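Chemist: The following file, upload-v7.pdb, comprises PDB, C-alpha atoms:
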```
ATOM      1  CA  MET J 286      -8.837  -1.243   0.819
ATOM      2  CA  GLN J 287      -6.169   1.427   0.642
ATOM      3  CA  VAL J 288      -6.252   1.915  -3.138
ATOM      4  CA  GLN J 289     -10.034   2.297  -3.180
ATOM      5  CA  LYS J 290      -9.840   4.671  -0.226
ATOM      6  CA  VAL J 291      -7.448   6.911  -2.177
ATOM      7  CA  LEU J 292      -9.557   6.712  -5.346
ATOM      8  CA  ASN J 293     -12.708   7.665  -3.433
ATOM      9  CA  TRP J 294     -10.905  10.605  -1.885
ATOM     10  CA  LEU J 295      -9.485  11.817  -5.204
ATOM     11  CA  SER J 296     -12.937  11.551  -6.786
ATOM     12  CA  ALA J 297     -14.766  13.357  -3.984
ATOM     13  CA  THR J 298     -12.335  16.174  -3.191
ATOM     14  CA  GLU J 299     -13.064  19.305  -5.206
ATOM     15  CA  ASP J 300     -10.167  21.626  -4.476
ATOM     16  CA  PHE J 301      -6.646  20.499  -5.408
ATOM     17  CA  HIS J 302      -3.688  22.683  -6.320
ATOM     18  CA  THR J 303      -0.215  21.651  -7.462
ATOM     19  CA  THR J 304       2.698  22.614  -5.223
ATOM     20  CA  LYS J 305       5.664  21.173  -7.106
ATOM     21  CA  ILE J 306       6.197  19.613 -10.534
ATOM     22  CA  LEU J 307       9.466  17.795 -11.188
ATOM     23  CA  LYS J 308      11.196  15.729 -13.850
ATOM     24  CA  GLN J 309      13.842  13.799 -11.912
ATOM     25  CA  HIS J 310      16.911  11.668 -12.542
ATOM     26  CA  TRP J 311      18.538   9.706  -9.728
ATOM     27  CA  LYS J 312      21.618   7.499  -9.635
ATOM     28  CA  GLU J 313      22.097   5.153  -6.680
ATOM     29  CA  SER J 314      20.909   7.722  -4.166
ATOM     30  CA  LYS J 315      18.174   8.184  -1.577
ATOM     31  CA  TYR J 316      15.740  10.786  -0.282
ATOM     32  CA  SER J 317      14.388  10.842   3.241
ATOM     33  CA  TYR J 318      11.231  12.080   4.954
ATOM     34  CA  ARG J 319      12.211  10.380   8.224
ATOM     35  CA  THR J 320      13.058  13.384  10.380
ATOM     36  CA  ALA J 321      10.322  15.600   8.943
ATOM     37  CA  PRO J 322       7.125  14.207   7.340
ATOM     38  CA  ARG J 323       6.212  14.795   3.731
ATOM     39  CA  PRO J 324       4.606  18.297   3.545
ATOM     40  CA  ASP J 325       2.156  17.554   0.711
ATOM     41  CA  PHE J 326       0.664  14.749  -1.385
ATOM     42  CA  GLY J 327       2.448  13.354  -4.403
ATOM     43  CA  MET J 328       1.752  11.413  -7.586
ATOM     44  CA  LEU J 329       4.917   9.797  -8.909
ATOM     45  CA  LEU J 330       5.332   7.963 -12.222
ATOM     46  CA  VAL J 331       8.388   5.709 -12.486
ATOM     47  CA  ILE J 332       9.765   5.930 -16.032
ATOM     48  CA  LYS J 333      12.970   3.916 -15.614
ATOM     49  CA  GLY J 334      14.530   1.800 -12.867
ATOM     50  CA  SER J 335      13.021   1.008  -9.486
ATOM     51  CA  ILE J 336      12.535   2.709  -6.123
ATOM     52  CA  ASP J 337      12.342   1.103  -2.673
ATOM     53  CA  PHE J 338      10.090   3.039  -0.294
ATOM     54  CA  VAL J 339      10.947   2.004   3.274
ATOM     55  CA  THR J 340       8.456   2.715   6.081
ATOM     56  CA  ASP J 341       8.729   1.207   9.572
ATOM     57  CA  GLY J 342      10.715  -1.763   8.293
ATOM     58  CA  GLU J 343       8.336  -2.487   5.409
ATOM     59  CA  VAL J 344       9.477  -2.070   1.812
ATOM     60  CA  LEU J 345       7.375  -1.103  -1.210
ATOM     61  CA  THR J 346       9.209  -1.544  -4.506
ATOM     62  CA  ALA J 347       7.974   0.650  -7.360
ATOM     63  CA  ARG J 348       9.141  -0.294 -10.837
ATOM     64  CA  ALA J 349       9.046   1.297 -14.276
ATOM     65  CA  GLY J 350       5.409   1.826 -15.275
ATOM     66  CA  ASN J 351       4.155   2.016 -11.687
ATOM     67  CA  LEU J 352       2.178   5.025 -10.482
ATOM     68  CA  VAL J 353       2.749   5.737  -6.784
ATOM     69  CA  PHE J 354       0.631   7.792  -4.379
ATOM     70  CA  LEU J 355       2.731   9.588  -1.738
ATOM     71  CA  PRO J 356       0.624  10.537   1.312
ATOM     72  CA  LYS J 357       0.952  13.854   3.080
ATOM     73  CA  TYR J 358       2.526  13.565   6.571
ATOM     74  CA  SER J 359       4.027  10.152   5.746
ATOM     75  CA  ARG J 360       7.570   9.349   6.906
ATOM     76  CA  TYR J 361       9.669   7.192   4.618
ATOM     77  CA  GLU J 362      12.988   6.812   2.840
ATOM     78  CA  ALA J 363      13.159   6.391  -0.922
ATOM     79  CA  PHE J 364      16.126   4.394  -2.221
ATOM     80  CA  PHE J 365      16.737   4.832  -5.949
ATOM     81  CA  MET J 366      18.192   1.622  -7.342
ATOM     82  CA  ASP J 367      20.724   2.042 -10.164
ATOM     83  CA  GLU J 368      19.533   4.871 -12.448
ATOM     84  CA  VAL J 369      15.972   6.079 -12.014
ATOM     85  CA  ASP J 370      13.893   8.522 -14.053
ATOM     86  CA  ASP J 371      10.561   9.674 -12.700
ATOM     87  CA  LEU J 372       7.927  12.382 -12.999
ATOM     88  CA  LEU J 373       6.560  13.866  -9.784
ATOM     89  CA  VAL J 374       3.551  16.088  -9.242
ATOM     90  CA  SER J 375       3.139  17.242  -5.650
ATOM     91  CA  PHE J 376      -0.229  18.712  -4.643
ATOM     92  CA  ASP J 377      -2.336  19.782  -1.712
ATOM     93  CA  THR J 378      -5.931  20.608  -0.867
ATOM     94  CA  SER J 379      -7.826  23.025   1.328
ATOM     95  CA  GLY J 380     -10.537  20.377   1.727
ATOM     96  CA  GLU J 381     -10.691  17.133   3.668
ATOM     97  CA  GLU J 382      -7.379  15.265   3.790
ATOM     98  CA  ILE J 383      -6.737  11.541   3.648
ATOM     99  CA  LEU J 384      -4.399   9.936   6.187
ATOM    100  CA  LEU J 385      -2.140   7.070   5.132
ATOM    101  CA  HIS J 386       1.203   6.283   6.708
ATOM    102  CA  ALA J 387       3.075   4.964   3.662
ATOM    103  CA  PRO J 388       3.279   5.226  -0.153
ATOM    104  CA  ILE J 389       1.120   2.830  -2.179
ATOM    105  CA  VAL J 390       1.051   1.795  -5.833
ATOM    106  CA  LEU J 391      -2.147   3.029  -7.498
ATOM    107  CA  SER J 392      -1.436   1.551 -10.926
ATOM    108  CA  GLU J 393       1.028  -1.157 -11.921
ATOM    109  CA  ARG J 394       0.732  -0.749 -15.686
ATOM    110  CA  THR J 395       0.185   2.933 -16.278
ATOM    111  CA  PRO J 396      -1.445   3.272 -19.737
ATOM    112  CA  LEU J 397      -0.184   5.575 -22.471
ATOM    113  CA  SER J 398      -3.117   7.967 -22.040
ATOM    114  CA  CYS J 399      -2.188   8.527 -18.404
ATOM    115  CA  VAL J 400       1.529   8.870 -19.214
ATOM    116  CA  GLU J 401       0.723  11.450 -21.896
ATOM    117  CA  ARG J 402      -1.305  13.548 -19.439
ATOM    118  CA  PHE J 403       1.511  13.296 -16.925
ATOM    119  CA  ARG J 404       4.016  14.472 -19.521
ATOM    120  CA  ALA J 405       1.705  17.274 -20.718
ATOM    121  CA  LEU J 406       1.587  18.699 -17.202
ATOM    122  CA  VAL J 407       5.313  18.304 -16.499
ATOM    123  CA  GLU J 408       6.518  19.548 -19.884
ATOM    124  CA  GLY J 409       3.933  22.344 -19.903
ATOM    125  CA  HIS J 410       5.251  23.460 -16.535
ATOM    126  CA  PHE J 411       8.865  23.572 -17.720
ATOM    127  CA  TYR J 412       8.625  24.565 -21.363
ATOM    128  CA  LYS J 413       5.410  26.586 -21.697
ATOM    129  CA  GLU J 414       4.009  29.565 -19.890
ATOM    130  CA  LEU J 415       0.903  27.906 -18.520
ATOM    131  CA  THR J 416      -1.624  29.988 -16.651
ATOM    132  CA  ARG J 417      -2.736  28.837 -13.220
ATOM    133  CA  LEU J 418      -6.042  27.592 -14.640
ATOM    134  CA  GLN J 419      -4.327  25.751 -17.517
ATOM    135  CA  LYS J 420      -2.069  23.989 -15.036
ATOM    136  CA  LYS J 421      -5.016  23.131 -12.798
ATOM    137  CA  GLY J 422      -6.970  21.825 -15.802
ATOM    138  CA  LEU J 423      -4.091  19.561 -16.870
ATOM    139  CA  PHE J 424      -3.780  18.269 -13.305
ATOM    140  CA  TYR J 425      -7.485  17.377 -13.131
ATOM    141  CA  LEU J 426      -7.234  15.601 -16.506
ATOM    142  CA  LEU J 427      -4.341  13.619 -15.038
ATOM    143  CA  LEU J 428      -6.388  12.724 -11.951
ATOM    144  CA  ASP J 429      -9.261  11.576 -14.158
ATOM    145  CA  ALA J 430      -6.935   9.228 -16.077
ATOM    146  CA  VAL J 431      -5.366   7.947 -12.849
ATOM    147  CA  ILE J 432      -8.742   7.208 -11.240
ATOM    148  CA  THR J 433     -10.112   5.483 -14.353
ATOM    149  CA  GLU J 434      -7.091   3.211 -14.744
ATOM    150  CA  ALA J 435      -6.675   2.421 -11.048
ATOM    151  CA  GLU J 436     -10.356   1.460 -10.726
ATOM    152  CA  ALA J 437     -10.030  -0.871 -13.723
ATOM    153  CA  GLN J 438      -7.000  -2.571 -12.163
ATOM    154  CA  THR J 439      -8.745  -2.804  -8.789
ATOM    155  CA  ASN J 440     -11.561  -4.745 -10.451
ATOM    156  CA  GLU J 441      -8.989  -7.043 -12.089
ATOM    157  CA  HIS J 442      -7.404  -7.724  -8.711
ATOM    158  CA  HIS J 443     -10.669  -8.546  -6.938
ATOM    159  CA  HIS J 444     -10.649 -12.226  -7.972
ATOM    160  CA  LEU J 445      -6.923 -12.545  -7.239
ATOM    161  CA  ILE J 446      -7.308 -11.199  -3.694
ATOM    162  CA  ASN J 447     -10.278 -13.463  -2.942
ATOM    163  CA  GLN J 448      -8.345 -16.489  -4.197
ATOM    164  CA  ALA J 449      -5.282 -15.560  -2.139
ATOM    165  CA  LYS J 450      -7.402 -14.989   0.988
ATOM    166  CA  ALA J 451      -8.997 -18.419   0.631
ATOM    167  CA  LEU J 452      -5.559 -20.056   0.314
ATOM    168  CA  LEU J 453      -4.199 -18.100   3.279
ATOM    169  CA  GLN J 454      -7.080 -19.391   5.408
ATOM    170  CA  ASP J 455      -6.438 -22.985   4.339
ATOM    171  CA  ALA J 456      -5.256 -25.268   7.140
ATOM    172  CA  SER J 457      -2.359 -26.556   4.991
ATOM    173  CA  ALA J 458      -0.560 -23.204   5.538
ATOM    174  CA  LEU J 459       0.895 -22.878   2.058
ATOM    175  CA  SER J 460       3.864 -20.539   1.683
ATOM    176  CA  VAL J 461       3.278 -17.163   0.021
ATOM    177  CA  ALA J 462       5.423 -18.345  -2.902
ATOM    178  CA  LYS J 463       3.162 -21.370  -3.468
ATOM    179  CA  ILE J 464       0.021 -19.242  -3.112
ATOM    180  CA  ALA J 465       1.390 -16.817  -5.722
ATOM    181  CA  LYS J 466       2.041 -19.744  -8.065
ATOM    182  CA  LYS J 467      -1.542 -20.980  -7.641
ATOM    183  CA  CYS J 468      -2.781 -17.438  -8.357
ATOM    184  CA  ALA J 469      -0.594 -17.257 -11.504
ATOM    185  CA  VAL J 470       1.356 -14.171 -10.392
ATOM    186  CA  SER J 471       4.868 -13.591  -9.096
ATOM    187  CA  GLU J 472       5.410 -13.601  -5.338
ATOM    188  CA  SER J 473       6.483  -9.937  -5.348
ATOM    189  CA  SER J 474       3.368  -8.948  -7.335
ATOM    190  CA  LEU J 475       1.101 -10.840  -4.958
ATOM    191  CA  ARG J 476       2.672  -9.179  -1.926
ATOM    192  CA  GLN J 477       2.400  -5.738  -3.506
ATOM    193  CA  ILE J 478      -1.189  -6.137  -4.729
ATOM    194  CA  PHE J 479      -2.340  -7.765  -1.486
ATOM    195  CA  LYS J 480      -0.872  -4.977   0.674
ATOM    196  CA  ALA J 481      -2.303  -2.250  -1.575
ATOM    197  CA  GLN J 482      -5.793  -3.772  -1.624
ATOM    198  CA  THR J 483      -6.099  -4.947   1.996
ATOM    199  CA  GLY J 484      -3.661  -2.793   3.961
ATOM    200  CA  MET J 485      -1.963  -5.976   5.248
ATOM    201  CA  THR J 486       0.779  -8.275   4.035
ATOM    202  CA  PRO J 487      -0.241 -11.902   3.345
ATOM    203  CA  ALA J 488       1.554 -12.952   6.542
ATOM    204  CA  GLN J 489      -0.284 -10.323   8.599
ATOM    205  CA  TYR J 490      -3.614 -11.406   7.108
ATOM    206  CA  ARG J 491      -2.907 -15.062   7.922
ATOM    207  CA  THR J 492      -1.942 -14.190  11.504
ATOM    208  CA  ASP J 493      -5.087 -12.073  11.912
ATOM    209  CA  ILE J 494      -7.292 -14.960  10.744
ATOM    210  CA  LYS J 495      -5.526 -17.452  13.027
ATOM    211  CA  LEU J 496      -5.877 -15.189  16.052
ATOM    212  CA  LYS J 497      -9.600 -14.748  15.406
ATOM    213  CA  GLN J 498      -9.919 -18.537  15.198
ATOM    214  CA  ALA J 499      -7.876 -18.894  18.399
ATOM    215  CA  ALA J 500     -10.100 -16.397  20.226
ATOM    216  CA  TYR J 501     -13.204 -18.336  19.153
ATOM    217  CA  LEU J 502     -11.713 -21.647  20.341
ATOM    218  CA  LEU J 503     -10.701 -20.124  23.677
ATOM    219  CA  GLU J 504     -14.230 -18.776  24.174
ATOM    220  CA  SER J 505     -16.234 -21.785  23.026
ATOM    221  CA  THR J 506     -14.181 -24.940  23.734
ATOM    222  CA  ASP J 507     -12.109 -26.531  26.477
ATOM    223  CA  LEU J 508      -9.075 -27.061  24.239
ATOM    224  CA  THR J 509      -5.739 -26.366  25.914
ATOM    225  CA  VAL J 510      -3.359 -23.654  24.737
ATOM    226  CA  HIS J 511      -1.057 -26.367  23.393
ATOM    227  CA  GLU J 512      -3.914 -28.005  21.457
ATOM    228  CA  ILE J 513      -5.023 -24.698  19.935
ATOM    229  CA  ALA J 514      -1.443 -23.821  18.933
ATOM    230  CA  GLU J 515      -1.086 -27.199  17.229
ATOM    231  CA  LYS J 516      -4.522 -27.023  15.590
ATOM    232  CA  LEU J 517      -3.804 -23.588  14.082
ATOM    233  CA  ASN J 518      -0.247 -24.443  12.942
ATOM    234  CA  PHE J 519       1.645 -22.124  15.257
ATOM    235  CA  PHE J 520       5.292 -23.102  15.749
ATOM    236  CA  ASP J 521       4.696 -24.055  19.381
ATOM    237  CA  ALA J 522       2.583 -23.032  22.390
ATOM    238  CA  PRO J 523       5.022 -20.385  23.738
ATOM    239  CA  TYR J 524       5.181 -18.701  20.321
ATOM    240  CA  PHE J 525       1.369 -18.782  20.089
ATOM    241  CA  CYS J 526       1.122 -17.147  23.533
ATOM    242  CA  LYS J 527       3.635 -14.455  22.537
ATOM    243  CA  VAL J 528       1.791 -13.589  19.299
ATOM    244  CA  PHE J 529      -1.615 -13.669  20.998
ATOM    245  CA  ARG J 530      -0.513 -11.328  23.786
ATOM    246  CA  SER J 531       1.169  -8.898  21.381
ATOM    247  CA  HIS J 532      -2.046  -8.546  19.325
ATOM    248  CA  ILE J 533      -4.799  -8.990  21.943
ATOM    249  CA  GLY J 534      -3.108  -7.569  25.021
ATOM    250  CA  LEU J 535      -3.878 -10.647  27.126
ATOM    251  CA  SER J 536      -2.409 -14.117  27.347
ATOM    252  CA  PRO J 537      -4.606 -16.920  25.920
ATOM    253  CA  MET J 538      -5.379 -18.121  29.455
ATOM    254  CA  GLU J 539      -6.321 -14.604  30.619
ATOM    255  CA  TYR J 540      -8.504 -14.132  27.542
ATOM    256  CA  ALA J 541     -10.268 -17.484  28.080
ATOM    257  CA  ARG J 542     -10.860 -16.724  31.760
ATOM    258  CA  ASP J 543     -12.348 -13.294  31.018
ATOM    259  CA  LYS J 544     -14.583 -14.477  28.166
ATOM    260  CA  LYS J 545     -15.937 -17.521  29.993
ATOM    261  CA  ILE J 546     -17.021 -15.638  33.116
TER     262      ILE J 546
END
```
So, in terms of structure tokens, how does the structure I just supplied come out?
Modeler:
Amino acid sequence: MQVQKVLNWLSATEDFHTTKILKQHWKESKYSYRTAPRPDFGMLLVIKGSIDFVTDGEVLTARAGNLVFLPKYSRYEAFFMDEVDDLLVSFDTSGEEILLHAPIVLSERTPLSCVERFRALVEGHFYKELTRLQKKGLFYLLLDAVITEAEAQTNEHHHLINQAKALLQDASALSVAKIAKKCAVSESSLRQIFKAQTGMTPAQYRTDIKLKQAAYLLESTDLTVHEIAEKLNFFDAPYFCKVFRSHIGLSPMEYARDKKI
């Protein structure tokens, strides 16, 4: 899980230092790390409005109250919808680095204690003459609050993710909207939580499960490609073959021939 991976890294890494501390206001604008990757890590708290982070055609929407982790070396565009206020702390480490390709939401409902520590660091940077150690101390207090809250929310999401996974594996092939309704969350929240916790969208997870089932059927039965496509609710046999080849690197017939030798 991506969120847990980040939390483990933040907890284990001993040497962080801030590189940039900003209090920002945006109005229908954008910022891009497409041509050159992000040079450091970032922790961004959305105070007002919403931001669309676009990476390789995928969109992560961060709303007021969300706490976003911005990975070093990631390439993305940030689109600031309407008017946006945010607090940003950029940081780096001389220790082991974590590699993620896109921003993720660490906390959806950032608590007051975490917001206060964020503000203490940002306002201390701008309005007080903090020493290097004072600034580092405030940053570590912020990390402690972030880790504590994100771990609590991860535990809350555990049941939701398991329920969604079970529904995605169901042969009835419910839409993501209907699955979200059964899980008592909005569709956008389900997509966001599912991607953050599993590293995949619900659609990608469903396709992955279906392809594993298809591979098993090709190895262990004499079902035809058409029968497997129908059994697993693919649109038709040609579409099944296209998806299978794009993920496995072989056509279903080639895969079956190789595995049954």
Chemist: Could you expand the PyMOL selection byres ((chain J and resi 435) around 8) into the explicit residues it covers here, written as a count of residues only?
Modeler: 12
Chemist: Evaluate the PyMOL selection byres ((chain J and resi 499) around 9) here and jot the selected residues down as a PyMOL selection string.
Modeler: chain J and resi 494-498+500-504+513-514+517+529+537
Chemist: Given 3 Å on each side, where is the centre and what are the edge lengths in Å to one decimal of the axis-aligned box enclosing the listed atoms of range 474-484 of chain J, as JSON?
Modeler:
```
{"center_x": -1.4, "center_y": -6.5, "center_z": -1.7, "size_x": 15.5, "size_y": 14.6, "size_z": 17.3}
```
Chemist: Step by step, work through what the PyMOL selection byres ((chain J and resi 317) around 10) selects in the shown file, and finish by giving those residues as a list in words.
Modeler: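 Going through the file, the PyMOL selection byres ((chain J and resi 317) around 10) ends up selecting Lys315, Tyr316, Tyr318, Arg319, Thr320, Ala321, Pro322, Arg323, Phe338, Val339, Arg360, Tyr361, Glu362, Ala363 and Phe364 of chain J.
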Chemist: Might you pull out every residue within 12 Å of Ala449 in chain J, with only C-alpha atoms counted and same-chain residues fewer than 4 positions away left off, and present them as a VMD selection string?
Modeler: chain J and resid 442 to 445 453 to 455 458 to 470 472 475 to 476 478 to 480 482 to 483 486 to 488 490 to 491
Chemist: Find the residue from J:Phe520, J:Phe376, J:Trp294, J:Phe424 that sits nearest to His410 in chain J; use all atoms listed in the file when measuring.
Modeler: J:Phe424
Chemist: Excluding Leu352 in chain J and its own-chain neighbours fewer than 3 positions away, which residues fall within 7 Å of it when counting only C-alpha atoms? Please give them as a ChimeraX atom specification.
Modeler: /J:329-331,390-393,395
Chemist: Around the point (-12.6, 15.6, -1.3) (coordinates from the file), which residues reach within 10 Å if we count all atoms listed in the file? Answer as a PyMOL selection string.
Modeler: chain J and resi 293-301+378-383
Chemist: Pick the closest to Thr303 in chain J from J:Glu441, J:Asp325, J:Asp377, J:Asp370: which is it, counting all atoms listed in the file?
Modeler: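 So, comparing all the options, the nearest one is J:Asp377.
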Chemist: Leaving out Leu355 in chain J and any residue of its chain fewer than 4 positions from it, which residues lie within 6 Å of it when counting all atoms listed in the file, given as an MDAnalysis selection string?
Modeler: chainID J and resid 326:327 388
Chemist: Which is closest to Ala481 in chain J among J:Met538, J:Ala405, J:Val291, J:Leu384, if we use all atoms listed in the file?
Modeler: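 For Ala481 in chain J, the nearest of the given residues is J:Val291.
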Chemist: What does the structure give for the distance between CA of Lys333 in chain J and CA of Leu427 in chain J, in Å to one decimal?
Modeler: 19.9 Å
Chemist: Measuring between all atoms listed in the file, which one of J:Pro356, J:Gly350, J:Pro523, J:Gly409 shows the shortest distance to Pro396 in chain J?
Modeler: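 Residue with the minimum atom-to-atom distance to Pro396 in chain J: J:Gly350.
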Chemist: Between CA of Tyr412 in chain J and CA of Ile336 in chain J, measure the distance and give it in Å to one decimal.
Modeler: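 Result for CA of Tyr412 in chain J versus CA of Ile336 in chain J: 26.9 Å, one decimal.
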Chemist: Interatomic distance between CA of Glu368 in chain J and CA of His310 in chain J?
Modeler: 7.3 Å
Chemist: Rank J:Met485, J:Ser314, J:Lys308, J:Lys357 by their smallest atom-to-atom distance to Arg404 in chain J, using all atoms listed in the file, and report the top residue only.
Modeler: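 Between J:Met485, J:Ser314, J:Lys308, J:Lys357, the residue approaching Arg404 in chain J most closely is J:Lys308.
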Chemist: Just the residues within 12 Å of Leu426 in chain J, please, counting only C-alpha atoms, with nothing from its chain fewer than 3 positions along; format it as a ChimeraX atom specification.
Modeler: /J:296,398-406,419-423,429-433
Chemist: Please determine the residues with any atom at most 9 Å from (16.8, 6.8, -13.6) (coordinates as given in the file, with only C-alpha atoms counting) and report them as a list in words.
Modeler: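 Selection result: Gln309, His310, Trp311, Lys312, Glu313, Val331, Ile332, Lys333, Gly334, Ser335, Phe365, Met366, Asp367, Glu368, Val369, Asp370 and Asp371 of chain J.
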